[in-house]
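Enquirer: Have a peek at upload.cif (mmCIF, C-alpha atoms, pLDDT in the B column; chains and numbers go by the auth columns).
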data_input
loop_
_atom_site.group_PDB
_atom_site.id
_atom_site.type_symbol
_atom_site.label_atom_id
_atom_site.label_comp_id
_atom_site.label_asym_id
_atom_site.label_seq_id
_atom_site.Cartn_x
_atom_site.Cartn_y
_atom_site.Cartn_z
_atom_site.B_iso_or_equiv
_atom_site.auth_seq_id
_atom_site.auth_asym_id
ATOM 1 C CA MET A 1 83.414 122.287 85.582 52.00 1 A
ATOM 2 C CA SER A 2 86.582 123.349 83.790 68.00 2 A
ATOM 3 C CA ASN A 3 89.016 121.085 81.988 80.00 3 A
ATOM 4 C CA THR A 4 92.377 122.414 83.183 81.00 4 A
ATOM 5 C CA PRO A 5 95.407 120.199 82.426 83.00 5 A
ATOM 6 C CA SER A 6 98.369 119.824 84.758 87.00 6 A
ATOM 7 C CA ASN A 7 101.542 121.751 83.952 88.00 7 A
ATOM 8 C CA MET A 8 103.785 118.658 83.852 86.00 8 A
ATOM 9 C CA LEU A 9 106.668 119.726 86.102 90.00 9 A
ATOM 10 C CA ALA A 10 110.020 118.463 84.763 93.00 10 A
ATOM 11 C CA LEU A 11 110.905 114.892 85.705 95.00 11 A
ATOM 12 C CA GLY A 12 113.811 114.754 88.139 96.00 12 A
ATOM 13 C CA THR A 13 112.642 117.925 89.925 97.00 13 A
ATOM 14 C CA LYS A 14 113.253 117.721 93.666 98.00 14 A
ATOM 15 C CA ALA A 15 110.042 117.870 95.719 97.00 15 A
ATOM 16 C CA PRO A 16 109.549 121.364 97.140 97.00 16 A
ATOM 17 C CA ASP A 17 109.689 121.138 100.918 96.00 17 A
ATOM 18 C CA PHE A 18 106.652 122.160 102.934 98.00 18 A
ATOM 19 C CA LYS A 19 105.150 122.197 106.411 98.00 19 A
ATOM 20 C CA LEU A 20 101.362 122.573 106.459 98.00 20 A
ATOM 21 C CA PRO A 21 98.538 122.178 108.979 98.00 21 A
ATOM 22 C CA ASN A 22 96.428 119.025 108.964 98.00 22 A
ATOM 23 C CA PRO A 23 92.863 120.114 109.893 98.00 23 A
ATOM 24 C CA SER A 24 91.955 116.516 110.829 97.00 24 A
ATOM 25 C CA LYS A 25 94.759 116.481 113.401 96.00 25 A
ATOM 26 C CA ASN A 26 93.886 119.753 115.192 96.00 26 A
ATOM 27 C CA ASN A 27 95.936 121.692 112.620 97.00 27 A
ATOM 28 C CA GLU A 28 99.133 119.897 113.611 97.00 28 A
ATOM 29 C CA LEU A 29 101.909 121.056 111.279 98.00 29 A
ATOM 30 C CA GLN A 30 103.112 118.188 109.133 98.00 30 A
ATOM 31 C CA SER A 31 106.108 118.299 106.811 98.00 31 A
ATOM 32 C CA LEU A 32 107.010 116.507 103.632 98.00 32 A
ATOM 33 C CA GLU A 33 110.086 115.170 105.414 97.00 33 A
ATOM 34 C CA SER A 34 108.051 113.632 108.250 97.00 34 A
ATOM 35 C CA LEU A 35 105.330 112.208 105.981 98.00 35 A
ATOM 36 C CA LYS A 36 107.341 110.936 103.000 98.00 36 A
ATOM 37 C CA GLY A 37 107.216 107.258 102.147 98.00 37 A
ATOM 38 C CA LYS A 38 110.139 104.878 102.511 98.00 38 A
ATOM 39 C CA LYS A 39 110.099 104.059 98.796 98.00 39 A
ATOM 40 C CA GLY A 40 107.940 106.783 97.240 98.00 40 A
ATOM 41 C CA THR A 41 105.598 109.688 97.913 98.00 41 A
ATOM 42 C CA LEU A 42 102.530 110.728 95.952 98.00 42 A
ATOM 43 C CA VAL A 43 101.526 114.366 96.445 98.00 43 A
ATOM 44 C CA VAL A 44 97.985 115.104 95.254 98.00 44 A
ATOM 45 C CA PHE A 45 96.540 118.587 94.952 98.00 45 A
ATOM 46 C CA MET A 46 92.837 118.111 95.612 98.00 46 A
ATOM 47 C CA CYS A 47 89.833 119.746 97.228 97.00 47 A
ATOM 48 C CA ASN A 48 86.459 118.820 98.684 96.00 48 A
ATOM 49 C CA HIS A 49 84.056 120.065 96.021 94.00 49 A
ATOM 50 C CA CYS A 50 85.708 119.352 92.648 95.00 50 A
ATOM 51 C CA PRO A 51 83.720 116.860 90.514 95.00 51 A
ATOM 52 C CA PHE A 52 86.994 115.396 89.178 95.00 52 A
ATOM 53 C CA VAL A 53 88.248 114.722 92.722 96.00 53 A
ATOM 54 C CA LEU A 54 84.887 113.341 93.838 95.00 54 A
ATOM 55 C CA HIS A 55 84.972 111.064 90.787 96.00 55 A
ATOM 56 C CA ILE A 56 88.277 109.387 91.780 97.00 56 A
ATOM 57 C CA ILE A 57 88.584 109.814 95.572 97.00 57 A
ATOM 58 C CA ASP A 58 87.338 106.337 96.510 97.00 58 A
ATOM 59 C CA LYS A 59 89.781 104.693 94.082 97.00 59 A
ATOM 60 C CA LEU A 60 92.575 106.930 95.350 98.00 60 A
ATOM 61 C CA GLU A 61 91.920 105.794 98.926 97.00 61 A
ATOM 62 C CA GLU A 62 91.818 102.178 97.703 97.00 62 A
ATOM 63 C CA LEU A 63 95.235 102.636 96.031 98.00 63 A
ATOM 64 C CA TYR A 64 96.574 104.101 99.270 98.00 64 A
ATOM 65 C CA GLU A 65 95.404 101.035 101.160 97.00 65 A
ATOM 66 C CA ASP A 66 97.084 98.816 98.530 97.00 66 A
ATOM 67 C CA TYR A 67 100.445 100.601 98.487 98.00 67 A
ATOM 68 C CA LYS A 68 101.086 102.126 101.932 98.00 68 A
ATOM 69 C CA SER A 69 102.414 98.808 103.267 97.00 69 A
ATOM 70 C CA GLN A 70 104.859 98.726 100.334 98.00 70 A
ATOM 71 C CA GLY A 71 106.446 102.023 101.383 98.00 71 A
ATOM 72 C CA ILE A 72 104.454 104.468 99.259 98.00 72 A
ATOM 73 C CA GLU A 73 102.867 107.367 101.138 98.00 73 A
ATOM 74 C CA PHE A 74 100.140 109.676 99.826 98.00 74 A
ATOM 75 C CA ILE A 75 99.758 113.330 100.854 98.00 75 A
ATOM 76 C CA GLY A 76 96.699 115.345 99.829 98.00 76 A
ATOM 77 C CA ILE A 77 96.961 119.143 99.712 98.00 77 A
ATOM 78 C CA ASN A 78 94.101 121.631 99.386 98.00 78 A
ATOM 79 C CA SER A 79 95.278 125.026 98.074 98.00 79 A
ATOM 80 C CA ASN A 80 91.934 126.527 97.046 97.00 80 A
ATOM 81 C CA ASP A 81 90.807 130.013 98.036 97.00 81 A
ATOM 82 C CA VAL A 82 88.296 129.204 100.786 96.00 82 A
ATOM 83 C CA GLU A 83 86.871 132.721 100.907 95.00 83 A
ATOM 84 C CA ARG A 84 85.428 132.246 97.423 95.00 84 A
ATOM 85 C CA TYR A 85 84.967 128.466 97.834 95.00 85 A
ATOM 86 C CA PRO A 86 83.883 127.853 101.452 96.00 86 A
ATOM 87 C CA ALA A 87 83.154 124.173 100.673 96.00 87 A
ATOM 88 C CA ASP A 88 86.947 123.734 100.716 97.00 88 A
ATOM 89 C CA SER A 89 87.480 125.283 104.160 97.00 89 A
ATOM 90 C CA PRO A 90 89.603 123.437 106.735 97.00 90 A
ATOM 91 C CA GLU A 91 86.445 122.594 108.711 97.00 91 A
ATOM 92 C CA MET A 92 84.907 121.071 105.612 97.00 92 A
ATOM 93 C CA MET A 93 88.178 119.194 104.942 98.00 93 A
ATOM 94 C CA VAL A 94 87.698 117.417 108.295 98.00 94 A
ATOM 95 C CA ASP A 95 84.156 116.442 107.278 97.00 95 A
ATOM 96 C CA PHE A 96 85.392 115.302 103.846 97.00 96 A
ATOM 97 C CA VAL A 97 88.063 113.063 105.414 98.00 97 A
ATOM 98 C CA ASP A 98 85.495 111.543 107.785 97.00 98 A
ATOM 99 C CA GLU A 99 82.775 111.065 105.157 96.00 99 A
ATOM 100 C CA ARG A 100 85.152 109.564 102.578 95.00 100 A
ATOM 101 C CA ASN A 101 87.143 107.549 105.144 95.00 101 A
ATOM 102 C CA ILE A 102 90.412 109.018 103.886 97.00 102 A
ATOM 103 C CA LYS A 103 93.417 107.595 105.712 97.00 103 A
ATOM 104 C CA PHE A 104 96.220 109.591 104.086 98.00 104 A
ATOM 105 C CA PRO A 105 97.130 113.076 105.393 98.00 105 A
ATOM 106 C CA TYR A 106 95.116 115.918 103.843 98.00 106 A
ATOM 107 C CA LEU A 107 96.828 119.262 104.439 98.00 107 A
ATOM 108 C CA TYR A 108 95.744 122.882 104.004 98.00 108 A
ATOM 109 C CA ASP A 109 97.872 125.297 101.938 98.00 109 A
ATOM 110 C CA GLU A 110 96.222 128.605 102.895 97.00 110 A
ATOM 111 C CA SER A 111 98.970 130.781 101.376 98.00 111 A
ATOM 112 C CA GLN A 112 98.954 128.760 98.125 98.00 112 A
ATOM 113 C CA ASP A 113 102.775 128.863 98.240 98.00 113 A
ATOM 114 C CA VAL A 114 103.075 125.076 98.094 98.00 114 A
ATOM 115 C CA ALA A 115 100.817 124.823 95.033 97.00 115 A
ATOM 116 C CA LYS A 116 102.912 127.514 93.353 97.00 116 A
ATOM 117 C CA ALA A 117 106.162 125.729 94.259 97.00 117 A
ATOM 118 C CA PHE A 118 104.839 122.542 92.608 97.00 118 A
ATOM 119 C CA ASP A 119 103.446 124.506 89.634 96.00 119 A
ATOM 120 C CA ALA A 120 100.124 122.782 90.376 96.00 120 A
ATOM 121 C CA ALA A 121 97.270 123.765 88.079 95.00 121 A
ATOM 122 C CA CYS A 122 94.273 121.532 88.686 95.00 122 A
ATOM 123 C CA THR A 123 92.456 119.251 91.073 96.00 123 A
ATOM 124 C CA PRO A 124 93.421 116.481 91.094 97.00 124 A
ATOM 125 C CA ASP A 125 97.069 117.059 90.181 97.00 125 A
ATOM 126 C CA PHE A 126 99.432 114.137 90.900 98.00 126 A
ATOM 127 C CA TYR A 127 103.188 114.213 91.608 98.00 127 A
ATOM 128 C CA PHE A 128 105.018 110.973 92.403 98.00 128 A
ATOM 129 C CA PHE A 129 108.502 111.119 93.907 98.00 129 A
ATOM 130 C CA ASP A 130 111.032 108.365 94.571 98.00 130 A
ATOM 131 C CA GLU A 131 112.737 107.711 97.929 97.00 131 A
ATOM 132 C CA ASN A 132 115.094 110.648 97.260 97.00 132 A
ATOM 133 C CA LEU A 133 112.123 112.956 96.562 98.00 133 A
ATOM 134 C CA SER A 134 112.980 113.237 92.853 98.00 134 A
ATOM 135 C CA LEU A 135 109.950 113.495 90.557 98.00 135 A
ATOM 136 C CA ILE A 136 109.455 110.283 88.561 98.00 136 A
ATOM 137 C CA TYR A 137 105.811 110.625 87.490 97.00 137 A
ATOM 138 C CA ARG A 138 103.383 113.491 87.046 96.00 138 A
ATOM 139 C CA GLY A 139 100.101 113.337 85.251 94.00 139 A
ATOM 140 C CA GLN A 140 96.773 111.597 85.333 95.00 140 A
ATOM 141 C CA MET A 141 95.542 108.807 87.570 96.00 141 A
ATOM 142 C CA ASP A 142 93.866 107.107 84.593 96.00 142 A
ATOM 143 C CA ASP A 143 91.671 107.926 81.569 93.00 143 A
ATOM 144 C CA SER A 144 88.406 108.149 83.538 93.00 144 A
ATOM 145 C CA ARG A 145 86.719 111.533 83.872 93.00 145 A
ATOM 146 C CA PRO A 146 83.266 112.504 85.134 92.00 146 A
ATOM 147 C CA GLY A 147 80.768 111.573 82.447 89.00 147 A
ATOM 148 C CA ASN A 148 83.098 109.729 80.031 93.00 148 A
ATOM 149 C CA GLN A 149 81.916 106.269 81.149 92.00 149 A
ATOM 150 C CA LYS A 150 85.488 104.917 81.450 94.00 150 A
ATOM 151 C CA GLU A 151 86.220 102.690 84.422 94.00 151 A
ATOM 152 C CA ILE A 152 88.202 104.228 87.277 95.00 152 A
ATOM 153 C CA THR A 153 91.257 101.958 87.474 96.00 153 A
ATOM 154 C CA GLY A 154 94.115 104.156 88.671 96.00 154 A
ATOM 155 C CA GLU A 155 96.120 102.494 85.896 97.00 155 A
ATOM 156 C CA ASP A 156 98.638 105.280 85.234 97.00 156 A
ATOM 157 C CA LEU A 157 99.495 105.622 88.941 98.00 157 A
ATOM 158 C CA VAL A 158 99.617 101.843 89.396 98.00 158 A
ATOM 159 C CA VAL A 159 102.126 101.521 86.537 98.00 159 A
ATOM 160 C CA ALA A 160 104.289 104.258 88.129 98.00 160 A
ATOM 161 C CA PHE A 161 104.074 102.597 91.576 98.00 161 A
ATOM 162 C CA GLU A 162 104.853 99.131 90.200 98.00 162 A
ATOM 163 C CA ASN A 163 107.768 100.424 88.107 98.00 163 A
ATOM 164 C CA LEU A 164 109.256 102.088 91.190 98.00 164 A
ATOM 165 C CA LEU A 165 108.819 98.977 93.336 98.00 165 A
ATOM 166 C CA ALA A 166 110.357 96.762 90.627 98.00 166 A
ATOM 167 C CA GLY A 167 113.279 99.127 90.033 97.00 167 A
ATOM 168 C CA ALA A 168 112.149 99.580 86.423 97.00 168 A
ATOM 169 C CA GLU A 169 112.234 102.707 84.272 94.00 169 A
ATOM 170 C CA GLN A 170 109.124 104.867 84.299 95.00 170 A
ATOM 171 C CA GLU A 171 107.000 105.265 81.184 91.00 171 A
ATOM 172 C CA GLU A 172 108.414 107.984 78.930 88.00 172 A
ATOM 173 C CA PHE A 173 104.992 109.212 77.831 90.00 173 A
ATOM 174 C CA GLN A 174 102.988 110.561 80.753 94.00 174 A
ATOM 175 C CA ARG A 175 99.574 112.131 80.143 94.00 175 A
ATOM 176 C CA PRO A 176 98.609 115.302 82.022 92.00 176 A
ATOM 177 C CA SER A 177 95.953 115.152 84.670 94.00 177 A
ATOM 178 C CA LEU A 178 92.764 117.042 83.932 92.00 178 A
ATOM 179 C CA GLY A 179 90.455 118.696 86.407 93.00 179 A
ATOM 180 C CA CYS A 180 89.097 121.929 87.805 92.00 180 A
ATOM 181 C CA ASN A 181 91.592 124.755 88.040 94.00 181 A
ATOM 182 C CA ILE A 182 93.028 125.527 91.446 96.00 182 A
ATOM 183 C CA LYS A 183 91.011 128.421 92.839 95.00 183 A
ATOM 184 C CA TRP A 184 93.666 131.124 93.163 96.00 184 A
ATOM 185 C CA LYS A 185 93.258 134.159 95.387 95.00 185 A
#
How would this structure read if it were set down as structure tokens?

Expert:
Amino acid sequence: MSNTPSNMLALGTKAPDFKLPNPSKNNELQSLESLKGKKGTLVVFMCNHCPFVLHIIDKLEELYEDYKSQGIEFIGINSNDVERYPADSPEMMVDFVDERNIKFPYLYDESQDVAKAFDAACTPDFYFFDENLSLIYRGQMDDSRPGNQKEITGEDLVVAFENLLAGAEQEEFQRPSLGCNIKWK
């Protein structure tokens, strides 16, 4: 288990556009434009086997259930090299979605071009965009990590979501996410 921090893409960056297959929807191509939320969009680089993702996935799904009706959409993207990490294959993504009861789209970035466009580094890596797809938050979900005994609250994401919904400024200090490195080809 590596401790790779996120690269902290510059705030205000426009979300890189993408169109990726959704293995849970018979590999239907889904685009950022068609999936984006009315008020905000959280893009999460994740995978099936990472202990950091497994640690927070239930809370992430809970946050999705709490915020989707308020116009915030979540999009999960798996960019790992599945030849070296077959547990992250598209077939296993379908099983992961079913087993974890994930309701948000979980897309497969086989070429890794989308991860590179976002400058993603780890799983999970969070990018939160406003209604105009401008980056307003990037960093950790909260302070909890596997083994550190801190409660999984989603606090940092919740603050970003609530600030957006209230029309308030985002926190100036944003802490990087920490997780396993993306498995590059």

Enquirer: Given the choices A:Pro86, A:Met93, A:Leu178, A:Asp113, which gets closest to A:Asp17 if the distance is worked out from all atoms listed in the file?

Expert: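 Nearest candidate to A:Asp17 out of A:Pro86, A:Met93, A:Leu178, A:Asp113: A:Asp113.
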
Enquirer: Which residues fall under the PyMOL selection byres ((chain A and resi 133) around 10) in this file, as number ranges by chain?

Expert: A: 12-17, 32-33, 36-37, 39-42, 128-132, 134-136

Enquirer: Can you work out which one of A:Gln174, A:Ser24, A:Thr4, A:Gln140 has the shortest atom-to-atom distance to A:Val97, counting only C-alpha atoms?

Expert: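 Answer, going by the shortest atom-to-atom distance: A:Ser24.
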
Enquirer: Check the smallest atom-to-atom distance from each of A:Ile102, A:Gly179, A:Leu9, A:Pro21 to A:Tyr64 using only C-alpha atoms, then report the winner.

Expert: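 Nearest candidate to A:Tyr64 out of A:Ile102, A:Gly179, A:Leu9, A:Pro21: A:Ile102.
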
Enquirer: Any idea what's packed within 6 Å of stretch 44-57 of chain A, counting all atoms listed in the file, ignoring anything in its chain fewer than 2 positions away? Could you give it as a list in words?

Expert: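 Selected residues are Lys59, Leu60, Gly76, Ile77, Asn78, Asp88, Thr123, Pro124, Asp125, Phe126 and Gly179 of chain A.
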
Enquirer: Check the smallest atom-to-atom distance from each of A:Asp81, A:Glu171, A:Glu91, A:Glu151 to A:Ser111 using only C-alpha atoms, then report the winner.

Expert: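 With only C-alpha atoms as the atom set, the closest residue is A:Asp81.
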
Enquirer: With distances taken over all atoms listed in the file, which residue among A:Ser79, A:Gln170, A:Asn148, A:Asn3 lies nearest A:Lys116?

Expert: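 Looking only at the distances to A:Lys116, the closest residue turns out to be A:Ser79.
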
Enquirer: Please measure the separation of atom CA of A:Leu157 and atom CA of A:Ala117, giving the value in Å to one decimal.

Expert: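 These atoms are spaced 21.8 Å apart.
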
Enquirer: Pick the closest to A:Glu155 from A:Asp109, A:Met8, A:Leu63, A:Ile75: which is it, counting all atoms listed in the file?

Expert: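 The shortest atom-to-atom distance to A:Glu155 comes from A:Leu63.
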